[in-house]
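K.L.:
Input start26.csv, format and content: CSV, C-alpha atoms and all ligand atoms.
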```
chain,number,residue,atom,x,y,z
A,1,MET,CA,-7.4,-17.4,3.9
A,2,HIS,CA,-8.1,-14.4,1.7
A,3,ALA,CA,-6.3,-11.1,1.2
A,4,ILE,CA,-7.4,-7.9,-0.5
A,5,VAL,CA,-4.6,-5.9,-2.1
A,6,THR,CA,-5.4,-2.3,-3.1
A,7,GLY,CA,-3.3,-0.7,-5.8
A,8,GLY,CA,-2.6,-4.3,-7.0
A,9,ALA,CA,-2.4,-3.3,-10.6
A,10,SER,CA,1.1,-1.9,-10.4
A,11,GLY,CA,4.4,-1.5,-8.5
A,12,ILE,CA,4.5,-2.6,-4.9
A,13,GLY,CA,0.9,-3.8,-4.8
A,14,ARG,CA,1.3,-6.0,-7.9
A,15,ALA,CA,4.5,-7.6,-6.6
A,16,SER,CA,2.9,-8.2,-3.2
A,17,ALA,CA,-0.2,-9.7,-4.7
A,18,LEU,CA,1.9,-12.1,-6.8
A,19,ARG,CA,3.8,-13.1,-3.7
A,20,LEU,CA,0.8,-13.5,-1.4
A,21,GLY,CA,-1.0,-15.4,-4.2
A,22,GLN,CA,1.4,-18.3,-3.6
A,23,ARG,CA,-0.3,-19.0,-0.2
A,24,LEU,CA,-3.6,-17.0,-0.1
A,25,LYS,CA,-6.7,-16.3,-2.2
A,26,ILE,CA,-6.3,-12.8,-3.5
A,27,THR,CA,-8.6,-10.0,-4.5
A,28,ILE,CA,-6.8,-7.4,-6.6
A,29,ALA,CA,-8.5,-4.0,-6.2
A,30,ASP,CA,-7.5,-1.0,-8.2
A,31,ARG,CA,-9.0,1.9,-10.1
A,32,ASP,CA,-7.1,0.4,-13.1
A,33,LEU,CA,-9.3,-2.6,-13.7
A,34,ALA,CA,-7.3,-3.9,-16.7
A,35,GLY,CA,-4.1,-3.8,-14.7
A,36,ALA,CA,-5.8,-5.6,-11.7
A,37,GLN,CA,-7.1,-8.2,-14.1
A,38,LYS,CA,-3.6,-8.8,-15.5
A,39,THR,CA,-2.2,-9.3,-11.9
A,40,ALA,CA,-5.1,-11.7,-11.1
A,41,GLU,CA,-4.5,-13.7,-14.4
A,42,ASP,CA,-0.8,-13.9,-13.6
A,43,ILE,CA,-1.5,-15.3,-10.1
A,44,CYS,CA,-4.0,-17.9,-11.6
A,45,ALA,CA,-1.4,-18.8,-14.3
A,46,SER,CA,1.0,-19.7,-11.5
A,47,GLY,CA,-1.5,-22.0,-9.8
A,48,GLY,CA,-3.0,-19.5,-7.4
A,49,SER,CA,-6.5,-18.2,-6.9
A,50,ALA,CA,-7.3,-14.6,-7.6
A,51,SER,CA,-10.0,-12.2,-8.8
A,52,ALA,CA,-10.0,-8.5,-9.8
A,53,VAL,CA,-12.3,-5.6,-8.9
A,54,GLU,CA,-12.4,-1.9,-9.8
A,55,VAL,CA,-12.3,0.4,-6.8
A,56,ASP,CA,-11.7,4.0,-6.0
A,57,VAL,CA,-10.5,3.7,-2.4
A,58,SER,CA,-11.4,7.3,-1.6
A,59,HIS,CA,-15.2,6.6,-1.9
A,60,ARG,CA,-17.1,4.7,0.8
A,61,ALA,CA,-19.6,3.1,-1.6
A,62,SER,CA,-16.9,1.9,-4.0
A,63,VAL,CA,-14.9,0.4,-1.1
A,64,ALA,CA,-18.1,-1.3,0.2
A,65,ALA,CA,-18.7,-2.7,-3.3
A,66,MET,CA,-15.1,-3.9,-3.4
A,67,VAL,CA,-15.4,-5.9,-0.2
A,68,ALA,CA,-18.8,-7.4,-1.2
A,69,SER,CA,-17.3,-8.5,-4.5
A,70,ALA,CA,-14.2,-9.9,-2.8
A,71,ARG,CA,-16.2,-11.8,-0.3
A,72,LYS,CA,-18.4,-13.3,-3.0
A,73,ALA,CA,-15.4,-14.4,-5.1
A,74,ASN,CA,-13.0,-15.6,-2.3
A,75,GLY,CA,-14.9,-15.8,1.0
A,76,PRO,CA,-14.4,-13.8,4.2
A,77,VAL,CA,-11.5,-11.4,4.2
A,78,THR,CA,-8.7,-12.4,6.6
A,79,ALA,CA,-6.0,-10.0,5.4
A,80,LEU,CA,-5.7,-6.5,3.9
A,81,PHE,CA,-2.9,-4.7,2.2
A,82,ALA,CA,-4.1,-1.1,1.9
A,83,ASN,CA,-1.6,0.3,-0.5
A,84,ALA,CA,-3.2,2.3,-3.3
A,85,GLY,CA,-1.5,5.7,-3.7
A,86,ILE,CA,-0.6,8.7,-5.9
A,87,ASN,CA,1.6,11.7,-5.6
A,88,ARG,CA,1.2,15.4,-6.3
A,89,ARG,CA,4.6,17.2,-5.6
A,90,ALA,CA,4.7,21.0,-5.1
A,91,PRO,CA,6.6,23.4,-2.8
A,92,VAL,CA,4.4,24.8,0.0
A,93,ASP,CA,3.5,28.1,-1.8
A,94,LEU,CA,2.3,26.2,-4.9
A,95,ILE,CA,0.2,23.4,-3.2
A,96,ARG,CA,-3.2,23.4,-4.9
A,97,GLU,CA,-6.2,22.9,-2.6
A,98,GLU,CA,-7.6,20.3,-5.0
A,99,ASP,CA,-4.3,18.3,-5.0
A,100,TRP,CA,-4.2,18.4,-1.1
A,101,ASP,CA,-7.8,17.1,-0.9
A,102,LEU,CA,-7.2,14.4,-3.5
A,103,MET,CA,-4.0,13.2,-1.7
A,104,MET,CA,-5.7,13.1,1.7
A,105,ALA,CA,-8.8,11.4,0.2
A,106,THR,CA,-6.7,8.7,-1.6
A,107,HIS,CA,-4.1,8.0,1.1
A,108,VAL,CA,-5.6,8.8,4.5
A,109,LYS,CA,-9.4,8.4,3.9
A,110,GLY,CA,-8.7,5.5,1.6
A,111,VAL,CA,-6.8,3.6,4.2
A,112,MET,CA,-9.4,4.3,6.8
A,113,LEU,CA,-12.3,3.2,4.6
A,114,CYS,CA,-10.5,0.0,3.6
A,115,CYS,CA,-9.7,-0.9,7.2
A,116,GLN,CA,-13.2,-0.2,8.3
A,117,ALA,CA,-14.7,-2.2,5.5
A,118,VAL,CA,-12.8,-5.4,6.3
A,119,LEU,CA,-13.4,-5.3,10.1
A,120,PRO,CA,-16.7,-7.2,10.2
A,121,ASP,CA,-15.2,-10.3,8.5
A,122,MET,CA,-12.0,-10.2,10.7
A,123,VAL,CA,-13.9,-9.7,14.0
A,124,ALA,CA,-16.4,-12.5,13.1
A,125,GLY,CA,-13.5,-14.7,12.1
A,126,GLY,CA,-11.6,-14.2,15.3
A,127,GLY,CA,-8.7,-12.3,13.9
A,128,GLY,CA,-6.8,-10.9,10.9
A,129,ALA,CA,-3.9,-8.9,9.7
A,130,ILE,CA,-3.7,-5.5,8.1
A,131,VAL,CA,-0.7,-3.7,6.5
A,132,ASN,CA,-1.1,-0.1,5.4
A,133,THR,CA,1.4,1.6,3.1
A,134,SER,CA,3.0,4.6,4.7
A,135,SER,CA,6.6,5.7,3.8
A,136,ASP,CA,10.0,6.6,5.2
A,137,PHE,CA,8.5,10.1,4.5
A,138,ALA,CA,6.1,9.6,7.5
A,139,ILE,CA,9.2,10.4,9.6
A,140,MET,CA,11.4,12.5,7.4
A,141,GLY,CA,10.8,16.0,6.1
A,142,VAL,CA,11.0,16.3,2.3
A,143,ALA,CA,11.2,19.7,0.6
A,144,GLY,CA,8.7,20.0,-2.2
A,145,ASN,CA,6.6,17.0,-1.1
A,146,ALA,CA,4.8,18.2,2.1
A,147,THR,CA,1.4,17.0,0.9
A,148,TYR,CA,2.6,13.4,0.5
A,149,THR,CA,4.7,13.4,3.7
A,150,SER,CA,1.6,14.7,5.7
A,151,ALA,CA,-0.6,11.9,4.2
A,152,LYS,CA,2.0,9.3,5.0
A,153,THR,CA,2.5,10.5,8.6
A,154,ALA,CA,-1.3,10.4,9.1
A,155,ILE,CA,-1.4,6.8,7.9
A,156,TYR,CA,1.3,5.8,10.4
A,157,SER,CA,-0.6,7.5,13.2
A,158,PHE,CA,-3.9,5.9,12.2
A,159,THR,CA,-2.1,2.5,12.1
A,160,LYS,CA,-0.8,2.8,15.7
A,161,SER,CA,-4.2,3.9,17.1
A,162,ILE,CA,-6.3,1.2,15.4
A,163,ALA,CA,-3.6,-1.4,16.3
A,164,LEU,CA,-4.4,-0.6,19.9
A,165,GLU,CA,-8.2,-0.7,19.3
A,166,LEU,CA,-8.1,-4.0,17.4
A,167,ALA,CA,-5.6,-6.0,19.4
A,168,PRO,CA,-8.3,-7.4,21.6
A,169,HIS,CA,-9.9,-8.9,18.5
A,170,LYS,CA,-6.6,-10.5,17.5
A,171,ILE,CA,-6.3,-8.2,14.5
A,172,ARG,CA,-2.7,-7.0,14.0
A,173,VAL,CA,-2.2,-3.7,12.2
A,174,ASN,CA,1.2,-2.6,10.9
A,175,ALA,CA,2.5,-0.1,8.4
A,176,ILE,CA,5.4,-0.3,5.9
A,177,GLY,CA,7.7,2.6,5.3
A,178,PRO,CA,9.5,1.9,2.0
A,179,GLY,CA,12.4,4.0,0.9
A,180,PRO,CA,12.7,4.8,-2.9
A,181,ILE,CA,11.3,1.9,-4.8
A,182,ASP,CA,11.5,1.8,-8.6
A,183,THR,CA,7.8,1.9,-9.7
A,184,PRO,CA,5.7,4.1,-12.0
A,185,LEU,CA,4.8,6.3,-9.1
A,186,LEU,CA,8.4,7.3,-8.5
A,187,ALA,CA,8.7,8.2,-12.2
A,188,SER,CA,5.4,10.1,-12.4
A,189,GLY,CA,5.6,13.8,-12.7
A,190,ARG,CA,9.3,13.6,-13.7
A,191,SER,CA,11.0,13.6,-17.1
A,192,SER,CA,13.1,10.6,-18.0
A,193,GLY,CA,16.2,12.8,-17.4
A,194,GLN,CA,15.0,13.7,-13.9
A,195,HIS,CA,14.2,10.1,-13.2
A,196,ALA,CA,17.7,9.0,-14.3
A,197,GLU,CA,19.2,11.8,-12.1
A,198,LEU,CA,17.2,10.5,-9.2
A,199,LYS,CA,18.5,7.0,-9.7
A,200,GLU,CA,22.0,8.2,-9.8
A,201,LYS,CA,21.5,10.3,-6.6
A,202,PHE,CA,20.2,7.3,-4.7
A,203,ALA,CA,23.1,5.1,-5.9
A,204,ARG,CA,25.4,7.8,-4.5
A,205,LEU,CA,23.6,8.6,-1.2
A,206,LEU,CA,21.8,5.5,0.0
A,207,PRO,CA,23.7,3.2,2.3
A,208,LEU,CA,22.8,0.2,0.2
A,209,GLY,CA,23.7,2.1,-3.0
A,210,ARG,CA,20.6,1.7,-5.1
A,211,MET,CA,16.8,2.0,-5.2
A,212,GLY,CA,14.7,-0.9,-4.0
A,213,THR,CA,12.5,-3.2,-6.1
A,214,PRO,CA,8.8,-3.9,-5.5
A,215,GLU,CA,9.7,-7.5,-4.8
A,216,GLU,CA,11.9,-6.4,-1.9
A,217,VAL,CA,8.9,-4.7,-0.3
A,218,ALA,CA,6.6,-7.6,-1.1
A,219,VAL,CA,8.7,-9.9,1.1
A,220,VAL,CA,8.0,-7.6,4.1
A,221,VAL,CA,4.3,-7.3,3.4
A,222,ASP,CA,4.0,-11.1,3.1
A,223,PHE,CA,5.9,-11.5,6.4
A,224,LEU,CA,3.7,-8.9,8.3
A,225,LEU,CA,0.5,-10.5,7.0
A,226,SER,CA,1.6,-14.0,8.0
A,227,GLU,CA,1.6,-15.9,11.3
A,228,LYS,CA,5.4,-15.4,11.4
A,229,ALA,CA,4.7,-11.9,12.5
A,230,SER,CA,2.2,-13.0,15.3
A,231,TYR,CA,3.8,-10.7,17.9
A,232,ILE,CA,4.2,-7.6,15.8
A,233,THR,CA,1.5,-4.9,15.8
A,234,GLY,CA,1.4,-1.1,15.5
A,235,GLN,CA,4.9,-0.9,13.9
A,236,LEU,CA,6.3,1.0,10.9
A,237,VAL,CA,8.7,-1.4,9.2
A,238,HIS,CA,11.1,0.0,6.7
A,239,PRO,CA,12.4,-1.7,3.5
A,240,ASN,CA,14.4,1.4,2.7
A,241,GLY,CA,18.0,0.5,1.8
A,242,GLY,CA,19.1,2.3,5.0
A,243,GLN,CA,17.7,5.7,3.9
A,244,LEU,CA,16.3,6.4,7.3
A,245,MET,CA,17.5,4.9,10.6
A,246,TRP,CA,15.8,6.0,13.8
A,301,LIG,N1,7.6,3.9,-5.0
A,301,LIG,C1,8.1,4.4,-3.9
A,301,LIG,O1,9.3,4.8,-3.9
A,301,LIG,C2,7.3,4.4,-2.7
A,301,LIG,C3,7.9,4.7,-1.5
A,301,LIG,C4,7.2,4.7,-0.3
A,301,LIG,C5,5.8,4.5,-0.3
A,301,LIG,N2,5.2,4.2,-1.6
A,301,LIG,C6,3.8,4.0,-1.5
A,301,LIG,O2,3.5,2.7,-2.1
A,301,LIG,C7,2.2,2.6,-2.6
A,301,LIG,C8,2.2,1.9,-3.9
A,301,LIG,O3,3.0,2.8,-4.8
A,301,LIG,P1,3.8,2.3,-6.0
A,301,LIG,O4,5.1,3.0,-5.9
A,301,LIG,O5,3.7,0.8,-6.2
A,301,LIG,O6,3.0,3.1,-7.2
A,301,LIG,P2,2.2,2.6,-8.5
A,301,LIG,O7,1.8,3.8,-9.2
A,301,LIG,O8,3.1,1.6,-9.2
A,301,LIG,O9,0.9,1.8,-7.9
A,301,LIG,C9,-0.1,2.5,-7.3
A,301,LIG,C10,-1.4,1.9,-7.7
A,301,LIG,O10,-2.5,2.5,-6.9
A,301,LIG,C11,-3.6,2.6,-7.8
A,301,LIG,N3,-4.4,3.7,-7.3
A,301,LIG,C12,-4.1,5.1,-7.2
A,301,LIG,N4,-5.2,5.7,-6.7
A,301,LIG,C13,-6.2,4.8,-6.5
A,301,LIG,C14,-7.5,4.9,-6.0
A,301,LIG,N5,-8.0,6.1,-5.6
A,301,LIG,N6,-8.2,3.8,-5.9
A,301,LIG,C15,-7.7,2.6,-6.2
A,301,LIG,N7,-6.5,2.4,-6.7
A,301,LIG,C16,-5.7,3.6,-6.8
A,301,LIG,C17,-3.0,3.0,-9.1
A,301,LIG,O11,-3.9,2.7,-10.2
A,301,LIG,C18,-1.8,2.0,-9.2
A,301,LIG,O12,-2.1,0.8,-9.7
A,301,LIG,C19,1.7,4.0,-2.5
A,301,LIG,O13,0.8,4.2,-1.4
A,301,LIG,C20,2.9,4.9,-2.4
A,301,LIG,O14,2.7,6.1,-1.8
A,301,LIG,C21,5.9,4.2,-2.7
```
Can you present the structure in this file as structure tokens?

P.N.:
Amino acid sequence: MHAIVTGGASGIGRASALRLGQRLKITIADRDLAGAQKTAEDICASGGSASAVEVDVSHRASVAAMVASARKANGPVTALFANAGINRRAPVDLIREEDWDLMMATHVKGVMLCCQAVLPDMVAGGGGAIVNTSSDFAIMGVAGNATYTSAKTAIYSFTKSIALELAPHKIRVNAIGPGPIDTPLLASGRSSGQHAELKEKFARLLPLGRMGTPEEVAVVVDFLLSEKASYITGQLVHPNGGQLMW
């Protein structure tokens, strides 16, 4: 069994790769090759089997090369965690067209390209499992973050539709909707003061009284990609501290 984890150099992807590496061969794919190599080395140091590959998930040729390299190193792909992501926050009147295009290319097109690229192995192998990283923000409105929320809603919608298409092939497709998780992405574009303020706000407002950790998301990813989740497909599962209940 072999999983590709995109965005595996950092945050949620790294924590998920480390956890999945306890039971699967892992290909860590990221535009940050050094970071991906570090995650792969850490998995191997714990007795697992992993390799790293550089990818830009928003480019078809790069994604095709990622899957070819992954297959060569670790055999046919049986699981995918399509997770790479960025953020560009701005109120609606200040959204820049190039930021909108980059966000849609990274998140929406990136997830689509990665799902497409692993399908031949999964169909030939008689099944598989995919988890796409969406967000609580797929459902909630968030002032000042409309580009990101739009991308995450699209990923959720894409996940549901392809879950229907791929069920006959025994390929399960789910999405995760994390709440605020303490990673470099959450800190990006914010001063250390703003980041500290945000932490304090979550401590005050979230039902569970704190931000989540990447490891708390990795548990959910591991479950959804495992046989334990054999009757779950097309769902958005929320490790979110109770931020959103619906
Ligand atoms: N941190 C949160 O609060 C939170 C909440 C909900 C959803 N998410 C989502 O979780 C995912 C992981 O985010 P994180 O918080 O772990 O952030 P992170 O910045 O720690 O990790 C993101 C990784 O994606 C990689 N990446 C970015 N663009 C890429 C591209 N085009 N091709 C390949 N790799 C690329 C980065 O190099 C990085 O290693 C993202 O999709 C993010 O939107 C995060």

K.L.:
Go through the chains and note each residue within 8 Å of ligand LIG 301 (chain A), using all atoms listed in the file, then give the set as a ChimeraX atom specification.

P.N.:
/A:6-14,29-32,35-36,54-58,82-87,105-107,110,133-137,148,152,176-186,188,212,214

K.L.:
Anything within 12 Å of (-5.9, -8.0, 12.7): list those residues as a PyMOL selection string, counting all atoms listed in the file and sticking to the file's coordinates.

P.N.:
chain A and resi 3+77-81+115-116+118-132+159+162-174+224-227+229-234

K.L.:
Ranking A:Lys25, A:Arg88, A:His59, A:Lys38 by minimum distance to Arg71 (chain A) and counting all atoms listed in the file, which one comes first?

P.N.:
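Among the listed residues, the smallest separation from Arg71 (chain A) belongs to A:Lys25.
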
K.L.:
When you count all atoms listed in the file, which of these residues is closest to Gln243 (chain A): A:Ala187, A:Met104, A:Met140, A:Ala154?

P.N.:
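Comparing A:Ala187, A:Met104, A:Met140, A:Ala154 against Gln243 (chain A), the winner is A:Met140.
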
K.L.:
What's the separation between CA of Leu236 (chain A) and CA of Ile4 (chain A), in Å to one decimal place?

P.N.:
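Answer for the CA of Leu236 (chain A) to CA of Ile4 (chain A) separation: 19.9 Å.
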
K.L.:
Have a look at A:Met245, A:Leu20, A:Val53, A:Ala146 and name the one nearest to Ala73 (chain A); count all atoms listed in the file.

P.N.:
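Result for the nearest residue to Ala73 (chain A): A:Val53.
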
K.L.:
Determine the nearest neighbour of Pro207 (chain A) from the options A:Ser191, A:Gly241, A:Ile28, A:Leu33, counting only C-alpha atoms.

P.N.:
A:Gly241
